[in-house]
Every structure is written in C-alpha cells, then in structure tokens.
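J.: File follows, my_file08.cif with mmCIF, C-alpha atoms:
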data_work
#
loop_
_atom_site.label_atom_id
_atom_site.label_comp_id
_atom_site.auth_asym_id
_atom_site.auth_seq_id
_atom_site.Cartn_x
_atom_site.Cartn_y
_atom_site.Cartn_z
CA VAL A 1 0.00 0.00 0.00
CA THR A 2 1.46 3.34 -1.04
CA PHE A 3 0.12 6.49 0.59
CA ASP A 4 -0.45 9.60 -1.47
CA THR A 5 2.27 12.06 -0.49
CA GLN A 6 4.78 14.37 -2.11
CA PRO A 7 6.28 12.85 -5.31
CA GLU A 8 9.80 12.56 -3.89
CA ILE A 9 8.75 10.37 -0.94
CA SER A 10 6.46 7.35 -0.87
CA PHE A 11 5.38 5.22 2.06
CA ALA A 12 4.82 1.53 1.51
CA TYR A 13 3.49 -1.42 3.49
CA VAL A 14 5.57 -4.59 3.07
CA ALA A 15 2.89 -7.18 2.34
CA SER A 16 3.07 -10.94 2.12
CA PRO A 17 3.39 -12.33 -1.43
CA THR A 18 0.27 -14.46 -0.79
CA ASP A 19 -1.81 -12.01 1.23
CA ARG A 20 -2.15 -8.57 -0.30
CA THR A 21 -4.82 -7.32 2.09
CA PRO A 22 -3.36 -4.49 4.17
CA SER A 23 -3.17 -5.30 7.83
CA ILE A 24 -1.43 -2.47 9.61
CA GLU A 25 -1.66 -2.93 13.37
CA PRO A 26 -2.06 0.02 15.76
CA GLY A 27 1.37 1.20 16.87
CA SER A 28 3.02 0.24 13.58
CA HIS A 29 5.94 2.42 12.51
CA LEU A 30 5.73 4.51 9.38
CA GLU A 31 9.24 4.77 8.00
CA SER A 32 10.49 6.99 5.18
CA ILE A 33 13.27 5.41 3.10
CA PRO A 34 14.85 7.99 0.73
CA VAL A 35 15.74 6.31 -2.55
CA GLY A 36 19.38 7.33 -2.48
CA SER A 37 20.25 6.53 1.11
CA ILE A 38 20.32 2.72 1.06
CA GLY A 39 21.53 -0.08 -1.16
CA HIS A 40 17.84 -0.65 -1.95
CA LEU A 41 17.83 -3.39 -4.55
CA LEU A 42 14.60 -4.46 -2.89
CA PRO A 43 12.12 -2.13 -1.12
CA SER A 44 12.06 -4.25 2.05
CA SER A 45 15.28 -2.85 3.50
CA SER A 46 13.56 -1.55 6.61
CA ARG A 47 14.64 -1.82 10.21
CA TRP A 48 11.09 -2.78 11.13
CA ALA A 49 10.59 -5.50 8.52
CA ALA A 50 12.67 -8.66 8.37
CA SER A 51 15.31 -8.63 5.63
CA THR A 52 14.61 -10.82 2.65
CA SER A 53 17.13 -13.06 0.99
CA GLY A 54 18.81 -12.20 -2.29
CA ALA A 55 20.35 -8.94 -3.37
CA ALA A 56 18.93 -6.84 -0.53
CA ALA A 57 20.58 -9.05 2.05
CA SER A 58 23.94 -8.41 0.39
CA VAL A 59 23.84 -4.62 0.61
CA ALA A 60 22.67 -3.86 4.17
CA SER A 61 24.00 -0.41 4.96
CA THR A 62 25.73 1.52 2.18
CA GLY A 63 28.04 3.27 4.62
CA ASP A 64 29.09 0.02 6.29
CA THR A 65 29.57 -1.63 2.90
CA ILE A 66 31.94 1.07 1.71
CA LEU A 67 33.93 0.91 4.94
CA GLU A 68 34.20 -2.87 4.59
CA ILE A 69 35.39 -2.56 0.99
CA LYS A 70 37.99 0.03 1.90
CA GLU A 71 39.24 -2.14 4.75
CA GLN A 72 39.46 -5.16 2.43
CA VAL A 73 41.46 -3.10 -0.07
CA ARG A 74 43.85 -1.82 2.61
CA GLU A 75 44.42 -5.32 3.97
CA SER A 76 45.14 -6.61 0.47
CA ALA A 77 47.54 -3.73 -0.17
CA SER A 78 49.32 -4.33 3.15
CA ALA A 79 49.74 -8.00 2.26
CA MET A 80 51.26 -6.96 -1.10
CA GLU A 81 48.48 -8.79 -2.92
CA GLY A 82 47.80 -6.00 -5.40
CA PRO A 83 44.10 -5.16 -4.98
CA PHE A 84 42.00 -4.06 -7.93
CA VAL A 85 38.76 -2.08 -7.89
CA VAL A 86 36.31 -1.61 -10.74
CA PHE A 87 33.70 1.07 -10.03
CA VAL A 88 30.70 0.80 -12.38
CA ARG A 89 28.27 3.72 -12.75
CA LEU A 90 24.94 4.32 -14.43
CA SER A 91 26.00 7.76 -15.57
CA LYS A 92 22.56 8.77 -16.90
CA GLU A 93 20.59 7.64 -13.87
CA ALA A 94 19.16 11.11 -13.17
CA ASP A 95 17.52 11.36 -16.58
CA HIS A 96 16.40 7.74 -16.43
CA LEU A 97 14.83 8.30 -13.01
CA LYS A 98 12.82 11.27 -14.28
CA LYS A 99 11.57 9.39 -17.32
CA PHE A 100 10.87 5.94 -15.90
CA GLY A 101 10.83 6.23 -12.11
CA SER A 102 12.74 4.48 -9.32
CA ALA A 103 11.28 1.02 -9.99
CA ALA A 104 12.83 0.89 -13.46
CA LEU A 105 16.13 2.16 -12.08
CA ASN A 106 16.10 -0.52 -9.39
CA ILE A 107 15.48 -3.20 -12.00
CA ALA A 108 18.41 -1.95 -14.09
CA LEU A 109 20.69 -1.82 -11.05
CA ALA A 110 19.62 -5.33 -10.02
CA HIS A 111 20.41 -6.56 -13.54
CA LEU A 112 23.83 -4.91 -13.44
CA TYR A 113 24.52 -6.43 -10.01
CA ARG A 114 23.50 -9.95 -11.05
CA GLU A 115 25.52 -9.86 -14.27
CA ALA A 116 28.59 -8.58 -12.45
CA SER A 117 28.22 -11.29 -9.79
CA ALA A 118 28.00 -13.94 -12.52
CA THR A 119 30.92 -12.53 -14.52
CA PHE A 120 33.35 -11.85 -11.68
CA ARG A 121 32.82 -14.91 -9.50
CA GLN A 122 36.35 -16.08 -8.81
CA GLY A 123 37.93 -14.26 -5.88
CA SER A 124 35.98 -11.04 -6.42
CA ARG A 125 33.46 -9.18 -4.29
CA VAL A 126 30.57 -7.37 -5.95
CA GLU A 127 28.67 -4.78 -3.92
CA VAL A 128 26.01 -2.14 -4.53
CA ILE A 129 27.35 1.28 -3.55
CA ASP A 130 24.32 3.49 -4.22
CA ARG A 131 21.29 3.60 -6.48
CA ALA A 132 23.43 4.05 -9.59
CA SER A 133 26.72 2.25 -8.96
CA ILE A 134 28.36 -1.00 -7.96
CA SER A 135 31.94 -1.95 -7.18
CA ILE A 136 33.95 -5.05 -7.99
CA VAL A 137 36.90 -5.71 -5.71
CA GLY A 138 39.48 -8.47 -5.81
CA LYS A 139 43.14 -9.40 -5.92
CA GLN A 140 45.37 -8.66 -8.88
CA GLN A 141 45.78 -12.35 -9.69
CA ASN A 142 42.07 -12.43 -10.60
CA TYR A 143 42.05 -9.23 -12.67
CA ARG A 144 41.64 -9.46 -16.43
CA GLU A 145 41.49 -6.21 -18.39
CA GLN A 146 39.67 -7.86 -21.29
CA ASP A 147 37.00 -9.27 -18.95
CA VAL A 148 36.30 -5.79 -17.58
CA ALA A 149 36.20 -4.19 -21.03
CA SER A 150 33.90 -6.91 -22.39
CA PHE A 151 31.57 -6.72 -19.40
CA ILE A 152 31.20 -2.93 -19.56
CA GLU A 153 30.66 -3.00 -23.31
CA ARG A 154 27.98 -5.69 -22.91
CA MET A 155 26.22 -3.79 -20.12
CA SER A 156 26.42 -0.59 -22.17
CA ASN A 157 24.63 -2.36 -25.02
CA GLU A 158 22.03 -3.95 -22.75
CA LEU A 159 21.34 -0.72 -20.84
CA PRO A 160 21.97 1.94 -23.51
CA GLU A 161 19.70 4.54 -21.91
CA LEU A 162 21.67 4.42 -18.64
CA GLY A 163 25.19 5.18 -19.86
CA VAL A 164 27.18 2.39 -18.20
CA VAL A 165 30.80 3.46 -17.56
CA ALA A 166 33.57 2.22 -15.29
CA GLY A 167 36.60 3.51 -13.43
CA VAL A 168 39.46 1.12 -12.72
CA PHE A 169 42.50 1.03 -10.50
CA CYS A 170 44.81 -1.97 -10.54
CA GLU A 171 48.44 -2.98 -10.15
CA ALA A 172 49.32 -1.74 -13.65
CA ASP A 173 48.23 1.77 -12.65
CA VAL A 174 50.52 1.67 -9.62
CA THR A 175 53.41 0.58 -11.84
CA GLU A 176 52.69 3.32 -14.37
CA SER A 177 52.74 5.97 -11.64
CA GLU A 178 56.26 4.83 -10.70
CA THR A 179 57.48 5.73 -14.19
CA GLY A 180 56.10 9.28 -13.99
CA ASP A 181 58.45 12.25 -13.86
CA ARG A 182 58.86 13.57 -10.30
CA VAL A 183 55.57 12.18 -9.04
CA THR A 184 54.64 10.30 -5.88
CA LYS A 185 53.79 6.63 -6.39
CA LEU A 186 50.06 5.92 -6.11
CA ASP A 187 49.12 3.98 -2.98
CA PRO A 188 47.07 0.83 -3.72
CA ALA A 189 45.44 1.20 -0.29
CA ASN A 190 43.40 4.00 -1.90
CA SER A 191 42.27 1.87 -4.86
CA PHE A 192 38.56 2.32 -4.09
CA GLU A 193 38.79 6.11 -4.06
CA PHE A 194 40.92 6.14 -7.22
CA ALA A 195 38.52 3.89 -9.16
CA ARG A 196 35.53 5.95 -8.01
CA PHE A 197 37.22 9.14 -9.21
CA ALA A 198 38.04 7.55 -12.56
CA ALA A 199 34.37 6.58 -12.99
CA SER A 200 33.20 10.20 -12.79
CA ASP A 201 32.01 12.04 -15.88
CA THR A 202 34.39 14.95 -15.46
CA GLY A 203 36.96 15.06 -18.22
CA ARG A 204 35.76 11.77 -19.71
CA VAL A 205 35.70 11.27 -23.47
CA PRO A 206 32.14 10.11 -24.39
CA SER A 207 33.45 7.02 -26.15
CA GLU A 208 35.63 6.05 -23.19
CA LEU A 209 33.62 3.37 -21.38
CA VAL A 210 36.48 2.21 -19.13
CA ARG A 211 38.91 4.72 -17.67
CA HIS A 212 41.89 3.92 -15.46
CA PHE A 213 42.99 6.26 -12.71
CA GLY A 214 46.38 7.91 -12.87
CA TYR A 215 47.95 11.35 -12.78
CA PRO A 216 46.79 12.21 -16.34
CA THR A 217 43.19 11.29 -15.41
CA ALA A 218 43.31 13.36 -12.22
CA ILE A 219 44.74 16.45 -13.94
CA LEU A 220 42.38 16.18 -16.91
CA ALA A 221 39.36 15.98 -14.59
CA LEU A 222 40.50 19.00 -12.57
CA GLN A 223 41.08 21.00 -15.74
CA ALA A 224 37.64 20.04 -17.06
CA SER A 225 35.95 21.26 -13.86
CA ARG A 226 37.87 24.52 -14.05
CA GLU A 227 36.89 25.04 -17.69
CA ILE A 228 33.18 24.83 -16.82
CA GLN A 229 33.86 27.20 -13.88
CA ALA A 230 33.00 24.58 -11.25
CA TYR A 231 35.81 25.98 -9.13
CA ASP A 232 34.55 24.79 -5.73
CA VAL A 233 34.17 21.24 -7.03
CA ALA A 234 37.56 21.34 -8.71
CA TYR A 235 39.38 22.59 -5.63
CA ALA A 236 37.60 20.10 -3.36
CA ASP A 237 38.76 17.34 -5.73
CA PHE A 238 42.29 18.74 -5.70
CA GLU A 239 42.40 18.69 -1.90
CA GLN A 240 40.95 15.18 -1.83
CA LEU A 241 43.59 13.96 -4.28
CA ARG A 242 46.31 15.55 -2.19
CA SER A 243 44.94 13.81 0.92
CA LEU A 244 45.23 10.51 -0.97
CA GLY A 245 48.94 11.10 -1.45
CA LEU A 246 49.08 12.50 -4.98
CA SER A 247 51.94 14.87 -5.66
CA SER A 248 53.24 15.99 -9.05
CA PRO A 249 54.33 19.24 -10.72
CA GLY A 250 51.32 19.16 -13.04
CA LEU A 251 48.88 18.54 -10.20
CA PHE A 252 50.18 21.49 -8.20
CA ASN A 253 50.11 23.67 -11.30
CA VAL A 254 46.45 22.97 -12.01
CA GLY A 255 45.72 23.38 -8.28
CA GLY A 256 47.25 26.84 -8.52
CA LEU A 257 45.15 27.68 -11.57
CA ILE A 258 41.98 26.64 -9.75
CA ALA A 259 42.92 28.61 -6.62
CA GLY A 260 43.67 31.64 -8.78
CA SER A 261 40.26 31.36 -10.44
CA MET A 262 38.72 31.41 -6.94
CA ASN A 263 40.75 34.54 -6.07
CA LYS A 264 42.72 32.59 -3.48
CA LYS A 265 45.91 34.43 -4.32
CA GLU A 266 48.18 33.13 -1.57
CA LEU A 267 47.15 29.53 -2.21
CA ALA A 268 47.70 29.93 -5.93
CA ALA A 269 51.22 31.25 -5.38
CA SER A 270 51.95 28.43 -2.93
CA HIS A 271 50.81 25.73 -5.36
CA PHE A 272 52.79 27.23 -8.27
CA SER A 273 55.82 27.40 -5.99
CA SER A 274 55.40 23.68 -5.23
CA ALA A 275 55.16 22.92 -8.95
CA MET A 276 58.40 24.85 -9.58
CA ALA A 277 60.17 23.12 -6.71
CA LEU A 278 59.26 19.69 -8.09
CA ASN A 279 60.22 20.59 -11.67
CA PRO A 280 62.15 23.84 -12.09
CA GLU A 281 62.70 23.15 -15.79
CA VAL A 282 59.16 24.02 -16.96
CA PRO A 283 58.90 27.74 -17.87
CA ILE A 284 55.12 27.98 -17.59
CA PHE A 285 55.22 27.01 -13.91
CA LYS A 286 57.40 30.07 -13.38
CA SER A 287 55.23 32.41 -15.43
CA ASN A 288 52.19 31.15 -13.50
CA PHE A 289 53.97 31.85 -10.23
CA ALA A 290 54.97 35.32 -11.44
CA THR A 291 51.33 36.02 -12.33
CA ALA A 292 50.24 34.99 -8.83
CA ALA A 293 53.00 37.13 -7.30
CA TYR A 294 51.89 40.12 -9.41
CA ARG A 295 48.34 39.75 -8.11
CA LEU A 296 49.73 39.73 -4.57
CA GLY A 297 51.80 42.85 -5.29
CA ASP A 298 54.99 40.87 -4.67
CA ILE A 299 57.14 42.33 -7.45
CA GLU A 300 60.47 41.07 -6.14
CA SER A 301 59.44 37.41 -5.88
CA GLY A 302 57.91 37.41 -9.35
CA LEU A 303 60.96 39.01 -10.97
CA LYS A 304 63.44 36.81 -9.13
CA VAL A 305 61.87 33.81 -10.87
CA MET A 306 61.32 35.37 -14.30
CA ASN A 307 64.68 37.12 -14.60
CA ALA A 308 66.42 33.75 -14.30
CA LEU A 309 64.73 32.46 -17.46
CA SER A 310 66.72 32.16 -20.67
CA ASP A 311 65.74 33.95 -23.86
CA GLU A 312 64.63 30.58 -25.20
CA ASP A 313 62.33 30.14 -22.20
CA ILE A 314 60.90 33.62 -22.75
CA SER A 315 60.15 32.73 -26.38
CA HIS A 316 58.41 29.58 -25.17
CA ILE A 317 56.24 31.59 -22.76
CA GLU A 318 55.45 34.11 -25.49
CA THR A 319 53.98 31.25 -27.51
CA THR A 320 52.31 29.17 -24.80
CA HIS A 321 51.40 31.73 -22.15
CA PRO A 322 51.25 35.25 -23.59
CA TYR A 323 49.50 36.57 -20.47
CA GLY A 324 52.50 35.39 -18.46
CA LEU A 325 54.78 37.42 -20.72
CA VAL A 326 52.56 40.51 -20.32
CA THR A 327 52.62 40.05 -16.56
CA TYR A 328 56.41 39.85 -16.66
CA ALA A 329 56.52 43.14 -18.56
CA ARG A 330 54.20 44.72 -15.99
CA LEU A 331 56.42 43.50 -13.16
CA LEU A 332 59.50 44.97 -14.84
CA ALA A 333 57.70 48.29 -15.42
CA LYS A 334 56.67 48.48 -11.76
CA ALA A 335 60.22 47.61 -10.72
CA TYR A 336 61.51 50.45 -12.93
CA PHE A 337 59.28 53.06 -11.29
CA ALA A 338 60.04 51.65 -7.82
CA LYS A 339 63.78 51.75 -8.66
CA LEU A 340 64.21 48.11 -7.63
CA ALA A 341 67.43 46.23 -8.27
CA THR A 342 65.43 43.45 -9.94
CA PHE A 343 64.62 45.71 -12.93
CA GLN A 344 66.38 44.43 -16.07
CA LYS A 345 66.43 47.12 -18.74
CA ASN A 346 67.52 44.91 -21.65
CA ARG A 347 64.86 42.29 -20.94
CA PHE A 348 62.18 44.97 -20.57
CA LEU A 349 63.15 46.63 -23.83
CA ALA A 350 63.00 43.24 -25.53
CA ILE A 351 59.51 42.24 -24.36
CA GLY A 352 57.86 45.57 -23.48
CA PRO A 353 56.99 46.70 -27.03
CA LYS A 354 55.63 43.22 -27.86
CA CYS A 355 53.39 43.19 -24.81
CA GLU A 356 52.23 46.76 -25.37
CA ASN A 357 50.90 45.80 -28.79
CA LEU A 358 49.19 42.52 -27.96
CA PRO A 359 45.55 43.35 -28.89
CA GLU A 360 43.92 41.31 -26.12
CA TYR A 361 45.90 43.16 -23.41
CA ALA A 362 46.77 46.53 -24.94
CA SER A 363 43.60 48.24 -23.74
CA SER A 364 43.92 46.97 -20.17
CA ASN A 365 44.46 49.61 -17.50
CA GLU A 366 47.11 47.38 -15.93
CA SER A 367 49.15 47.54 -19.13
CA LYS A 368 49.40 51.32 -19.01
CA VAL A 369 52.41 50.96 -16.72
CA ILE A 370 54.28 49.22 -19.55
CA ARG A 371 53.57 52.11 -21.92
CA GLU A 372 54.53 54.72 -19.33
CA ALA A 373 57.83 52.97 -18.58
CA LEU A 374 58.64 52.68 -22.28
CA ASN A 375 57.88 56.37 -22.78
CA GLU A 376 60.26 57.37 -19.99
CA LEU A 377 62.91 55.17 -21.59
CA ASN A 378 62.23 56.95 -24.90
CA ILE A 379 61.00 53.82 -26.66
#
Would you put the structure from the file into structure tokens?
T.:
Amino acid sequence: VTFDTQPEISFAYVASPTDRTPSIEPGSHLESIPVGSIGHLLPSSSRWAASTSGAAASVASTGDTILEIKEQVRESASAMEGPFVVFVRLSKEADHLKKFGSAALNIALAHLYREASATFRQGSRVEVIDRASISIVGKQQNYREQDVASFIERMSNELPELGVVAGVFCEADVTESETGDRVTKLDPANSFEFARFAASDTGRVPSELVRHFGYPTAILALQASREIQAYDVAYADFEQLRSLGLSSPGLFNVGGLIAGSMNKKELAASHFSSAMALNPEVPIFKSNFATAAYRLGDIESGLKVMNALSDEDISHIETTHPYGLVTYARLLAKAYFAKLATFQKNRFLAIGPKCENLPEYASSNESKVIREALNELNI
C-alpha cells in the first residue's frame, strides 16, 4: 500500500506475497526510506521489517559496505596482494529516473549487479554502492582487463539509456605511476577512491567506457571542472587527491590555476611554488607563479623567478602563455618606477613593445604601466 504524499517520498506497506490485504496494526511504525540513502535493490530494507534473501541481504548499509570494501582493499595492499577495484556507474541515472521512475532504475541496477556477480565470480566481491553504482573488488591475480572491457561493453549495449561506464585502478596503474616524472607513487590502499574518481564524468571522453585512474586522469578531470567554472568542485577534488597522497608538478600547477580562479591568491602562489620546486625546468610554472605574485603585489618574488629564465624560455612563454609574458613586462615596469634592483632594462626593452601591442591586453588599465615605462625610456 502506497500512501499519497509528495512525489519525492512514498510510504509503503511490506505485504506478504500471498496475502495482499493491508493489515497495519495500531502502533506500527511509518518509516520513510529515501531512494538514495540505502543499497535498496529491494524495497524491504527496513529496520522494522525482516530482511529478505537475495540482493537486498547483500547490501545492508551503504556506509558500512563502503567501509568494509575500503578495509578489504587496505588489507590486500598491506599484504602486497595488489588489490583491484572496478567502479561501475549508471551515468545517466538522473535522466532515467525522471523518465521511468525508481522502480525501473532498481530493475536496471539489479540486472547490473547480477551480471557482475556472474561474470566476476572467482575471488571477487561485488557490492552495490548506491542507487546508480556497484563496485567489484578483488586481488590482482584475478584481474583481467579484457574481462572488464567486455563486461562494460555488454552492459552498455544492454542498458543503452543508462550510460554504463567504469573507473578502474589496478596494479598496472601503480606501476605506471612509478614511471612518472617527479611524481609520488600511487598507494594501492586508496584503490577504491581512485577507481571511483576515474568513474566520474568529469573530463571523460564520451566514447571512453572504461577509464583507469592515474595522474593524467586526475589532472584532466580538474582542468575540465575549471573550464566549466565549477571551481569549488575542482578545488575540493584537488584537496581530496592531495589527501590521498598525490603529488606531481602538473597537479600542483592545475591546483594553482583553480585557486587563482577562486581569487585565493596566496594559495595559488603556494601551489605554483610547489610545482616549480618539483620541476624547475618548466617555464610555464614560473610564469604562472609570477602572475600569482603580481596579483599579490609581490614584485620582487615574481621578478626573481622570471629574470632567471633564458631567452629561449621567454620565447616559449610568449607562444604558450602570452599573459605570463605581459605580466612579466608589468612587473618589470613596476620595478623600474620603484627603482628596484630586480629591474632588467635589456629584458624589458625586448619584451615591453611586444606586450604593449598585444591586442587582447593593450587596452587593459594594468598595461598602461608598460607604456609609461617605455615612454620614460624613450621607446
């Protein structure tokens, strides 16, 4: 029996399969079960009604399930057994829910769960995470890339309106991170979090059904969030990735870009400084830092970094980061008027006229200082 109430919440009486006549005794509890708060493969997951067998019995509490999975992964990592995690999502569940309702979504999730359980039987654990995702966890010895790819492709064909995608983290991803330039090795104890991140839509190519987690995936996702101006989301992801042990020049650089977009000037400068410290050979890290220093009014720090660049590096920045070159010219112009020792006349005369004439920055009030300095130098 379902009571008429607001569309988002329904109240149901768990009846016997043989007796459908409502028999609600006085003193019975009326319990609201929000669709997204439980594993909910079956609607009888209530603390007042006895649990049924089958899929519902396997999910119990979503929070407890996730904690158990994470603990299993950590134990496997500690034992050097190379855990793997495949996180499978119904990426279009919101649209599907609006069109067909929660019952149809439950049926699709149940189908996904059963097929995964049948496909990954040997040494793997399949669990429902929420109303639109499941996880498959096991040891590396039982992981087969082709099995995962085939399963996701099959589910994508069987549930085309739900957008089945997967994020993966396995031993090969740990090994790949070890070959990265000046990066921290990825910790397999965080395999669940890594796979879940890889399964997100952010930065994903539409045709990419299975995506592995690694530094390129993390940076691409952060950049994608920044491009759509989801700065709060992007920075929260950046901090989460840092808490999971990720450290690389590129990661700190994009973290600085996000912080700068949020007007967190000190944080931006700090992150760019970390990027430079990890890889001082990349010119754009330095021009980004100089830009952050300019916004903070720290002329000396910005020029100390930029003045050390070679002419070849300056040419590279002119091509890849013209705003960084303009900022450098502004810093030099301010240093000239402040009579600072960090002013380099030859460098300013080389880049000043170029920056003054760049159409996208020429009309900026902040670029007037370049013109004024050039005028005083009779250029």
J.: Kindly resolve the PyMOL selection byres ((chain A and resi 333) around 10) on the present coordinates and return the residues as an MDAnalysis selection string.
T.: chainID A and resid 299 327:332 334:339 343:345 348 352 367:374
J.: Which residues, named as in the file, does the PyMOL selection byres ((chain A and resi 225) around 12) pick out? Answer as an mmCIF file with C-alpha atoms, keeping the file's coordinate frame.
T.:
data_model
loop_
_atom_site.group_PDB
_atom_site.id
_atom_site.type_symbol
_atom_site.label_atom_id
_atom_site.label_comp_id
_atom_site.auth_asym_id
_atom_site.auth_seq_id
_atom_site.Cartn_x
_atom_site.Cartn_y
_atom_site.Cartn_z
ATOM 1 C CA SER A 200 33.200 10.200 -12.790
ATOM 2 C CA ASP A 201 32.010 12.040 -15.880
ATOM 3 C CA THR A 202 34.390 14.950 -15.460
ATOM 4 C CA GLY A 203 36.960 15.060 -18.220
ATOM 5 C CA ARG A 204 35.760 11.770 -19.710
ATOM 6 C CA ALA A 218 43.310 13.360 -12.220
ATOM 7 C CA ILE A 219 44.740 16.450 -13.940
ATOM 8 C CA LEU A 220 42.380 16.180 -16.910
ATOM 9 C CA ALA A 221 39.360 15.980 -14.590
ATOM 10 C CA LEU A 222 40.500 19.000 -12.570
ATOM 11 C CA GLN A 223 41.080 21.000 -15.740
ATOM 12 C CA ALA A 224 37.640 20.040 -17.060
ATOM 13 C CA ARG A 226 37.870 24.520 -14.050
ATOM 14 C CA GLU A 227 36.890 25.040 -17.690
ATOM 15 C CA ILE A 228 33.180 24.830 -16.820
ATOM 16 C CA GLN A 229 33.860 27.200 -13.880
ATOM 17 C CA ALA A 230 33.000 24.580 -11.250
ATOM 18 C CA TYR A 231 35.810 25.980 -9.130
ATOM 19 C CA ASP A 232 34.550 24.790 -5.730
ATOM 20 C CA VAL A 233 34.170 21.240 -7.030
ATOM 21 C CA ALA A 234 37.560 21.340 -8.710
ATOM 22 C CA TYR A 235 39.380 22.590 -5.630
ATOM 23 C CA ALA A 236 37.600 20.100 -3.360
ATOM 24 C CA ASP A 237 38.760 17.340 -5.730
ATOM 25 C CA PHE A 238 42.290 18.740 -5.700
ATOM 26 C CA VAL A 254 46.450 22.970 -12.010
ATOM 27 C CA GLY A 255 45.720 23.380 -8.280
ATOM 28 C CA LEU A 257 45.150 27.680 -11.570
ATOM 29 C CA ILE A 258 41.980 26.640 -9.750
ATOM 30 C CA SER A 261 40.260 31.360 -10.440
#
J.: Nearest residue to Ala79 of chain A out of A:Ile129, A:Ala189, A:Met155, A:Val148, using only C-alpha atoms?
T.: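 Nearest to Ala79 of chain A: A:Ala189.
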J.: Atom CA of Met306 of chain A to atom CA of Gly256 of chain A: how many Å, to one decimal?
T.: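 Going from atom CA of Met306 of chain A over to atom CA of Gly256 of chain A covers 17.4 Å.
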J.: Nearest to Asp173 of chain A: which of A:Lys98, A:Lys70, A:His212, A:Lys92 is it, counting all atoms listed in the file?
T.: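 Among the listed residues, A:His212 lies closest to Asp173 of chain A.
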J.: Report as a PyMOL selection string the full result of the PyMOL selection byres ((chain A and resi 161) around 8) when it is applied to this structure.
T.: chain A and resi 92+96+159-160+162-163
J.: Would you pick out the contacts of Asn253 of chain A at 10 Å or less, using all atoms listed in the file, so that residues sharing its chain but fewer than 4 positions from it are not included, and give the list as an MDAnalysis selection string?
T.: chainID A and resid 219 248:249 257:259 268:276 284:286 288:289
J.: Please compute the atom CA of His321 of chain A-atom CA of Ser301 of chain A distance, one decimal, in Å.
T.: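 Value for the atom CA of His321 of chain A-atom CA of Ser301 of chain A distance: 19.0 Å.
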J.: What does the distance from atom CA of Thr342 of chain A to atom CA of Leu251 of chain A come to in Å, to one decimal?
T.: 29.9 Å
J.: Taking all atoms of segment 358-368 of chain A that appear in the file, build a box with edges along x, y and z, extend it by 8 Å on every side, and state its centre and edge lengths in Å to one decimal, as JSON.
T.:
{"center_x": 46.5, "center_y": 46.3, "center_z": -22.4, "size_x": 21.8, "size_y": 26.0, "size_z": 29.0}
J.: Counting all atoms listed in the file, which residue out of A:Ser150, A:Thr175, A:Gln240, A:Ser135 sits closest to Phe87 of chain A?
T.: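 Using all atoms listed in the file, the shortest distance to Phe87 of chain A belongs to A:Ser135.
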J.: Which residue, A:Asn106, A:Pro283, A:Ala166, A:His111, has the smallest gap to Arg211 of chain A when you use only C-alpha atoms?
T.: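 Smallest separation from Arg211 of chain A among the options: A:Ala166.
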J.: Counting only C-alpha atoms, which of A:Thr119, A:Ser247, A:Ser91, A:Ser207 gets nearest to Asp187 of chain A?
T.: A:Ser247
J.: Using all atoms listed in the file, pick whichever of A:Val85, A:Leu244, A:Cys355, A:Leu303 has the shortest atom-to-atom distance to Ala198 of chain A.
T.: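 Closest to Ala198 of chain A of all the choices is A:Val85.
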J.: Tell me which protein, DNA and RNA residues are within 10 Å of Ile314 of chain A, counting only C-alpha atoms, leaving out same-chain ones fewer than 2 positions away, and put them as a VMD selection string.
T.: chain A and resid 283 to 284 287 306 to 307 309 to 312 316 to 322 324 to 325 328 347 351
J.: Please rebuild segment 85-89 of chain A with all heavy atoms and return the result as an mmCIF file, keeping the file's coordinate frame.
T.:
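Result saved to result-v2.cif:
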data_model
loop_
_atom_site.group_PDB
_atom_site.id
_atom_site.type_symbol
_atom_site.label_atom_id
_atom_site.label_comp_id
_atom_site.auth_asym_id
_atom_site.auth_seq_id
_atom_site.Cartn_x
_atom_site.Cartn_y
_atom_site.Cartn_z
ATOM 1 N N VAL A 85 40.137 -2.540 -8.089
ATOM 2 C CA VAL A 85 38.760 -2.080 -7.890
ATOM 3 C C VAL A 85 38.218 -1.606 -9.230
ATOM 4 O O VAL A 85 38.873 -0.844 -9.945
ATOM 5 C CB VAL A 85 38.675 -0.929 -6.869
ATOM 6 C CG1 VAL A 85 37.227 -0.427 -6.755
ATOM 7 C CG2 VAL A 85 39.172 -1.364 -5.499
ATOM 8 N N VAL A 86 37.037 -2.093 -9.573
ATOM 9 C CA VAL A 86 36.310 -1.610 -10.740
ATOM 10 C C VAL A 86 35.039 -0.951 -10.217
ATOM 11 O O VAL A 86 34.233 -1.596 -9.540
ATOM 12 C CB VAL A 86 35.951 -2.751 -11.706
ATOM 13 C CG1 VAL A 86 35.176 -2.205 -12.906
ATOM 14 C CG2 VAL A 86 37.201 -3.489 -12.164
ATOM 15 N N PHE A 87 34.869 0.320 -10.492
ATOM 16 C CA PHE A 87 33.700 1.070 -10.030
ATOM 17 C C PHE A 87 32.796 1.318 -11.241
ATOM 18 O O PHE A 87 33.193 2.010 -12.181
ATOM 19 C CB PHE A 87 34.129 2.397 -9.404
ATOM 20 C CG PHE A 87 33.084 3.044 -8.548
ATOM 21 C CD1 PHE A 87 33.041 2.830 -7.178
ATOM 22 C CD2 PHE A 87 32.110 3.862 -9.111
ATOM 23 C CE1 PHE A 87 32.076 3.433 -6.381
ATOM 24 C CE2 PHE A 87 31.141 4.454 -8.333
ATOM 25 C CZ PHE A 87 31.121 4.235 -6.957
ATOM 26 N N VAL A 88 31.604 0.733 -11.231
ATOM 27 C CA VAL A 88 30.700 0.800 -12.380
ATOM 28 C C VAL A 88 29.550 1.759 -12.062
ATOM 29 O O VAL A 88 28.897 1.625 -11.018
ATOM 30 C CB VAL A 88 30.140 -0.586 -12.743
ATOM 31 C CG1 VAL A 88 29.335 -0.510 -14.035
ATOM 32 C CG2 VAL A 88 31.275 -1.604 -12.889
ATOM 33 N N ARG A 89 29.302 2.704 -12.962
ATOM 34 C CA ARG A 89 28.270 3.720 -12.750
ATOM 35 C C ARG A 89 27.239 3.709 -13.860
ATOM 36 O O ARG A 89 27.554 3.470 -15.027
ATOM 37 C CB ARG A 89 28.878 5.126 -12.722
ATOM 38 C CG ARG A 89 29.581 5.535 -11.469
ATOM 39 C CD ARG A 89 30.051 6.980 -11.568
ATOM 40 N NE ARG A 89 28.946 7.898 -11.814
ATOM 41 C CZ ARG A 89 28.840 8.666 -12.892
ATOM 42 N NH1 ARG A 89 29.743 8.636 -13.833
ATOM 43 N NH2 ARG A 89 27.815 9.493 -13.014
#
